Every structure is written in structure tokens, then in C-alpha cells.
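Asker: I'm passing along model-v8.pdb; it holds PDB, N, CA and C atoms.
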MODEL        1
ATOM      1  N   MET D 168     -10.343  75.819 -42.621
ATOM      2  CA  MET D 168     -11.438  76.030 -41.688
ATOM      3  C   MET D 168     -11.388  77.467 -41.195
ATOM      4  N   THR D 169     -12.528  78.120 -41.254
ATOM      5  CA  THR D 169     -12.605  79.445 -40.660
ATOM      6  C   THR D 169     -13.333  79.331 -39.328
ATOM      7  N   SER D 170     -12.933  80.159 -38.408
ATOM      8  CA  SER D 170     -13.522  80.127 -37.075
ATOM      9  C   SER D 170     -15.027  80.368 -37.126
ATOM     10  N   ASP D 171     -15.473  81.320 -37.941
ATOM     11  CA  ASP D 171     -16.903  81.611 -38.040
ATOM     12  C   ASP D 171     -17.678  80.428 -38.603
ATOM     13  N   THR D 172     -17.161  79.809 -39.630
ATOM     14  CA  THR D 172     -17.826  78.655 -40.238
ATOM     15  C   THR D 172     -17.931  77.517 -39.237
ATOM     16  N   PHE D 173     -16.838  77.227 -38.555
ATOM     17  CA  PHE D 173     -16.825  76.158 -37.555
ATOM     18  C   PHE D 173     -17.818  76.443 -36.438
ATOM     19  N   ASN D 174     -17.794  77.650 -35.889
ATOM     20  CA  ASN D 174     -18.686  77.999 -34.783
ATOM     21  C   ASN D 174     -20.152  77.908 -35.185
ATOM     22  N   MET D 175     -20.498  78.398 -36.349
ATOM     23  CA  MET D 175     -21.888  78.353 -36.805
ATOM     24  C   MET D 175     -22.342  76.912 -37.038
ATOM     25  N   SER D 176     -21.489  76.109 -37.647
ATOM     26  CA  SER D 176     -21.831  74.715 -37.907
ATOM     27  C   SER D 176     -21.983  73.941 -36.607
ATOM     28  N   MET D 177     -21.074  74.178 -35.666
ATOM     29  CA  MET D 177     -21.131  73.505 -34.377
ATOM     30  C   MET D 177     -22.394  73.905 -33.619
ATOM     31  N   ARG D 178     -22.720  75.189 -33.607
ATOM     32  CA  ARG D 178     -23.922  75.654 -32.912
ATOM     33  C   ARG D 178     -25.185  75.058 -33.520
ATOM     34  N   LYS D 179     -25.224  74.973 -34.844
ATOM     35  CA  LYS D 179     -26.378  74.380 -35.527
ATOM     36  C   LYS D 179     -26.530  72.913 -35.129
ATOM     37  N   PHE D 180     -25.429  72.179 -35.118
ATOM     38  CA  PHE D 180     -25.464  70.767 -34.725
ATOM     39  C   PHE D 180     -25.900  70.614 -33.276
ATOM     40  N   LEU D 181     -25.326  71.398 -32.374
ATOM     41  CA  LEU D 181     -25.669  71.283 -30.955
ATOM     42  C   LEU D 181     -27.116  71.687 -30.685
ATOM     43  N   LYS D 182     -27.639  72.641 -31.440
ATOM     44  CA  LYS D 182     -29.056  73.010 -31.312
ATOM     45  C   LYS D 182     -29.926  71.832 -31.719
ATOM     46  N   GLN D 183     -29.565  71.166 -32.812
ATOM     47  CA  GLN D 183     -30.307  69.983 -33.265
ATOM     48  C   GLN D 183     -30.248  68.884 -32.213
ATOM     49  N   VAL D 184     -29.087  68.664 -31.620
ATOM     50  CA  VAL D 184     -28.939  67.666 -30.558
ATOM     51  C   VAL D 184     -29.843  68.014 -29.382
ATOM     52  N   GLY D 185     -29.834  69.270 -28.966
ATOM     53  CA  GLY D 185     -30.637  69.689 -27.823
ATOM     54  C   GLY D 185     -32.120  69.548 -28.066
ATOM     55  N   VAL D 186     -32.591  70.010 -29.212
ATOM     56  CA  VAL D 186     -34.020  69.967 -29.521
ATOM     57  C   VAL D 186     -34.502  68.530 -29.667
ATOM     58  N   THR D 187     -33.784  67.719 -30.441
ATOM     59  CA  THR D 187     -34.241  66.345 -30.652
ATOM     60  C   THR D 187     -34.123  65.505 -29.380
ATOM     61  N   SER D 188     -33.113  65.777 -28.566
ATOM     62  CA  SER D 188     -32.966  65.042 -27.305
ATOM     63  C   SER D 188     -34.095  65.397 -26.344
ATOM     64  N   GLN D 189     -34.451  66.660 -26.269
ATOM     65  CA  GLN D 189     -35.549  67.066 -25.396
ATOM     66  C   GLN D 189     -36.853  66.423 -25.847
ATOM     67  N   GLN D 190     -37.107  66.396 -27.143
ATOM     68  CA  GLN D 190     -38.324  65.775 -27.657
ATOM     69  C   GLN D 190     -38.349  64.280 -27.334
ATOM     70  N   ALA D 191     -37.232  63.612 -27.502
ATOM     71  CA  ALA D 191     -37.161  62.175 -27.221
ATOM     72  C   ALA D 191     -37.363  61.899 -25.732
ATOM     73  N   LEU D 192     -36.757  62.714 -24.871
ATOM     74  CA  LEU D 192     -36.919  62.538 -23.423
ATOM     75  C   LEU D 192     -38.361  62.786 -22.992
ATOM     76  N   GLU D 193     -38.971  63.842 -23.514
ATOM     77  CA  GLU D 193     -40.363  64.134 -23.182
ATOM     78  C   GLU D 193     -41.280  62.985 -23.610
ATOM     79  N   ALA D 194     -41.058  62.439 -24.801
ATOM     80  CA  ALA D 194     -41.870  61.322 -25.290
ATOM     81  C   ALA D 194     -41.685  60.096 -24.399
ATOM     82  N   HIS D 195     -40.461  59.823 -24.002
ATOM     83  CA  HIS D 195     -40.206  58.665 -23.147
ATOM     84  C   HIS D 195     -40.908  58.817 -21.797
ATOM     85  N   VAL D 196     -40.756  59.975 -21.181
ATOM     86  CA  VAL D 196     -41.378  60.212 -19.873
ATOM     87  C   VAL D 196     -42.894  60.057 -19.985
ATOM     88  N   ARG D 197     -43.469  60.632 -21.025
ATOM     89  CA  ARG D 197     -44.915  60.535 -21.241
ATOM     90  C   ARG D 197     -45.330  59.080 -21.489
ATOM     91  N   ASP D 198     -44.659  58.385 -22.410
ATOM     92  CA  ASP D 198     -45.019  57.014 -22.773
ATOM     93  C   ASP D 198     -44.808  56.034 -21.627
ATOM     94  N   ALA D 199     -43.823  56.305 -20.776
ATOM     95  CA  ALA D 199     -43.540  55.426 -19.634
ATOM     96  C   ALA D 199     -44.429  55.761 -18.439
ATOM     97  N   GLY D 200     -45.190  56.845 -18.547
ATOM     98  CA  GLY D 200     -46.078  57.232 -17.456
ATOM     99  C   GLY D 200     -45.354  57.726 -16.217
ATOM    100  N   LEU D 201     -44.177  58.258 -16.394
ATOM    101  CA  LEU D 201     -43.400  58.747 -15.255
ATOM    102  C   LEU D 201     -43.945  60.105 -14.817
ATOM    103  N   THR D 202     -44.160  60.264 -13.520
ATOM    104  CA  THR D 202     -44.727  61.520 -13.032
ATOM    105  C   THR D 202     -43.961  62.124 -11.862
ATOM    106  N   SER D 203     -43.113  61.359 -11.229
ATOM    107  CA  SER D 203     -42.386  61.895 -10.080
ATOM    108  C   SER D 203     -41.015  61.246  -9.981
ATOM    109  N   GLY D 204     -40.201  61.819  -9.125
ATOM    110  CA  GLY D 204     -38.848  61.302  -8.920
ATOM    111  C   GLY D 204     -37.863  61.997  -9.824
ATOM    112  N   SER D 205     -36.825  61.289 -10.157
ATOM    113  CA  SER D 205     -35.794  61.852 -11.027
ATOM    114  C   SER D 205     -35.185  60.742 -11.875
ATOM    115  N   LEU D 206     -34.533  61.157 -12.929
ATOM    116  CA  LEU D 206     -33.864  60.228 -13.829
ATOM    117  C   LEU D 206     -32.376  60.573 -13.861
ATOM    118  N   SER D 207     -31.544  59.568 -13.744
ATOM    119  CA  SER D 207     -30.112  59.773 -13.947
ATOM    120  C   SER D 207     -29.863  59.700 -15.445
ATOM    121  N   ALA D 208     -29.135  60.666 -15.971
ATOM    122  CA  ALA D 208     -28.906  60.730 -17.408
ATOM    123  C   ALA D 208     -27.413  60.778 -17.713
ATOM    124  N   LYS D 209     -27.084  60.263 -18.883
ATOM    125  CA  LYS D 209     -25.692  60.263 -19.336
ATOM    126  C   LYS D 209     -25.698  60.433 -20.850
ATOM    127  N   VAL D 210     -24.891  61.364 -21.319
ATOM    128  CA  VAL D 210     -24.718  61.576 -22.748
ATOM    129  C   VAL D 210     -23.248  61.331 -23.075
ATOM    130  N   VAL D 211     -23.008  60.508 -24.082
ATOM    131  CA  VAL D 211     -21.644  60.248 -24.545
ATOM    132  C   VAL D 211     -21.532  60.799 -25.961
ATOM    133  N   PHE D 212     -20.686  61.780 -26.130
ATOM    134  CA  PHE D 212     -20.497  62.452 -27.405
ATOM    135  C   PHE D 212     -19.181  61.985 -28.008
ATOM    136  N   THR D 213     -19.249  61.459 -29.220
ATOM    137  CA  THR D 213     -18.038  61.001 -29.907
ATOM    138  C   THR D 213     -17.994  61.606 -31.305
ATOM    139  N   LEU D 214     -16.836  61.572 -31.900
ATOM    140  CA  LEU D 214     -16.650  62.016 -33.275
ATOM    141  C   LEU D 214     -16.133  60.837 -34.083
ATOM    142  N   ASP D 215     -16.857  60.473 -35.136
ATOM    143  CA  ASP D 215     -16.425  59.362 -35.991
ATOM    144  C   ASP D 215     -15.020  59.611 -36.524
ATOM    145  N   GLY D 216     -14.180  58.605 -36.443
ATOM    146  CA  GLY D 216     -12.831  58.687 -36.980
ATOM    147  C   GLY D 216     -11.854  59.479 -36.131
ATOM    148  N   GLN D 217     -12.297  59.904 -34.951
ATOM    149  CA  GLN D 217     -11.428  60.689 -34.068
ATOM    150  C   GLN D 217     -11.365  60.019 -32.699
ATOM    151  N   GLU D 218     -10.265  60.182 -32.027
ATOM    152  CA  GLU D 218     -10.151  59.697 -30.657
ATOM    153  C   GLU D 218     -10.652  60.795 -29.733
ATOM    154  N   PHE D 219     -11.967  60.911 -29.679
ATOM    155  CA  PHE D 219     -12.603  61.961 -28.882
ATOM    156  C   PHE D 219     -13.849  61.393 -28.232
ATOM    157  N   GLU D 220     -13.964  61.613 -26.939
ATOM    158  CA  GLU D 220     -15.174  61.232 -26.213
ATOM    159  C   GLU D 220     -15.396  62.246 -25.099
ATOM    160  N   HIS D 221     -16.612  62.762 -25.042
ATOM    161  CA  HIS D 221     -16.985  63.726 -24.004
ATOM    162  C   HIS D 221     -18.233  63.176 -23.321
ATOM    163  N   VAL D 222     -18.182  63.018 -22.006
ATOM    164  CA  VAL D 222     -19.290  62.439 -21.255
ATOM    165  C   VAL D 222     -19.881  63.501 -20.341
ATOM    166  N   VAL D 223     -21.207  63.604 -20.374
ATOM    167  CA  VAL D 223     -21.934  64.510 -19.501
ATOM    168  C   VAL D 223     -22.943  63.673 -18.720
ATOM    169  N   THR D 224     -22.935  63.786 -17.396
ATOM    170  CA  THR D 224     -23.902  63.083 -16.570
ATOM    171  C   THR D 224     -24.684  64.101 -15.771
ATOM    172  N   GLY D 225     -25.887  63.710 -15.390
ATOM    173  CA  GLY D 225     -26.697  64.621 -14.605
ATOM    174  C   GLY D 225     -27.980  63.973 -14.152
ATOM    175  N   LYS D 226     -28.826  64.780 -13.528
ATOM    176  CA  LYS D 226     -30.095  64.319 -13.008
ATOM    177  C   LYS D 226     -31.192  65.178 -13.585
ATOM    178  N   ILE D 227     -32.285  64.537 -14.009
ATOM    179  CA  ILE D 227     -33.439  65.243 -14.529
ATOM    180  C   ILE D 227     -34.586  65.014 -13.540
ATOM    181  N   ASP D 228     -35.025  66.079 -12.892
ATOM    182  CA  ASP D 228     -36.125  65.989 -11.936
ATOM    183  C   ASP D 228     -37.460  66.011 -12.661
ATOM    184  N   LEU D 229     -38.358  65.143 -12.230
ATOM    185  CA  LEU D 229     -39.681  65.053 -12.858
ATOM    186  C   LEU D 229     -40.740  65.843 -12.108
ATOM    187  N   ASP D 230     -40.504  66.139 -10.853
ATOM    188  CA  ASP D 230     -41.509  66.896 -10.101
ATOM    189  C   ASP D 230     -40.913  68.080  -9.395
TER     190      ASP D 230
ENDMDL
END
Give the structure from this file in C-alpha cells form.

Answerer:
Amino acid sequence: MTSDTFNMSMRKFLKQVGVTSQQALEAHVRDAGLTSGSLSAKVVFTLDGQEFEHVVTGKIDLD
């Protein structure tokens, strides 16, 4: 493994996660007719075949 290869691959994957997650969240908010308040969010990131779990929680404001 080279550091450059790993970093580029990881960044590409995380960009895909960010873009597709934003699109999915926007579609849900629109389809559910949500217009105000906030949503509690949680992302659980795991790696297949590895004992790894990273959890991110937060709040998404709608107005």
C-alpha cells in the first residue's frame, strides 16, 4: 500500500458517500414534506471483515 494510493482511494470513496448521502437526505426531506424543525442523524461506518466501527451523530436543521 502506498500512502498516495490509499489517500486518493479513501477520498474518492468519502466523496461518493457524501454526495449520495446528501442526495438521499434531500429526497427524503422533500418526499416527507418536511419544512421546519431539525432531524437527529446518525451514521455508522464499518469495514467488512474488520473490527472497525466509527459513529457520527449530529443534527440537521431544516429551517

Asker: Please compute the atom N of Ser170 in chain D-atom N of Leu214 in chain D distance, one decimal, in Å.

Answerer: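 Value for the atom N of Ser170 in chain D-atom N of Leu214 in chain D distance: 20.1 Å.
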
Asker: For the structure shown, which residues end up in the PyMOL selection byres ((chain D and resi 197-211) around 8)? Put them as a list in words, please?

Answerer: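 For this structure, the PyMOL selection byres ((chain D and resi 197-211) around 8) resolves to Ala191, Leu192, Glu193, Ala194, His195, Val196, Phe212, Thr213, Leu214, Glu220, His221, Val222, Val223, Thr224, Gly225, Lys226, Ile227, Asp228, Leu229 and Asp230 of chain D.
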
Asker: At what distance in Å, to one decimal, does CA of Asn174 in chain D lie from atom N of Gln190 in chain D?

Answerer: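 Computing it gives 23.1 Å between the two atoms.
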
Asker: For the atom pair CA of Gln183 in chain D and CA of Met168 in chain D, what is the interatomic distance in Å to one decimal place?

Answerer: 21.5 Å

Asker: List every residue of chain D that DSSP, applied to the backbone of this structure, assigns to alpha helix (DSSP H), and report them as number ranges by chain.

Answerer: D: 170-199

Asker: Among the residues of chain D, find those DSSP assigns to strand (DSSP E or B) from the backbone and print them as number ranges by chain.

Answerer: D: 205-213, 220-228
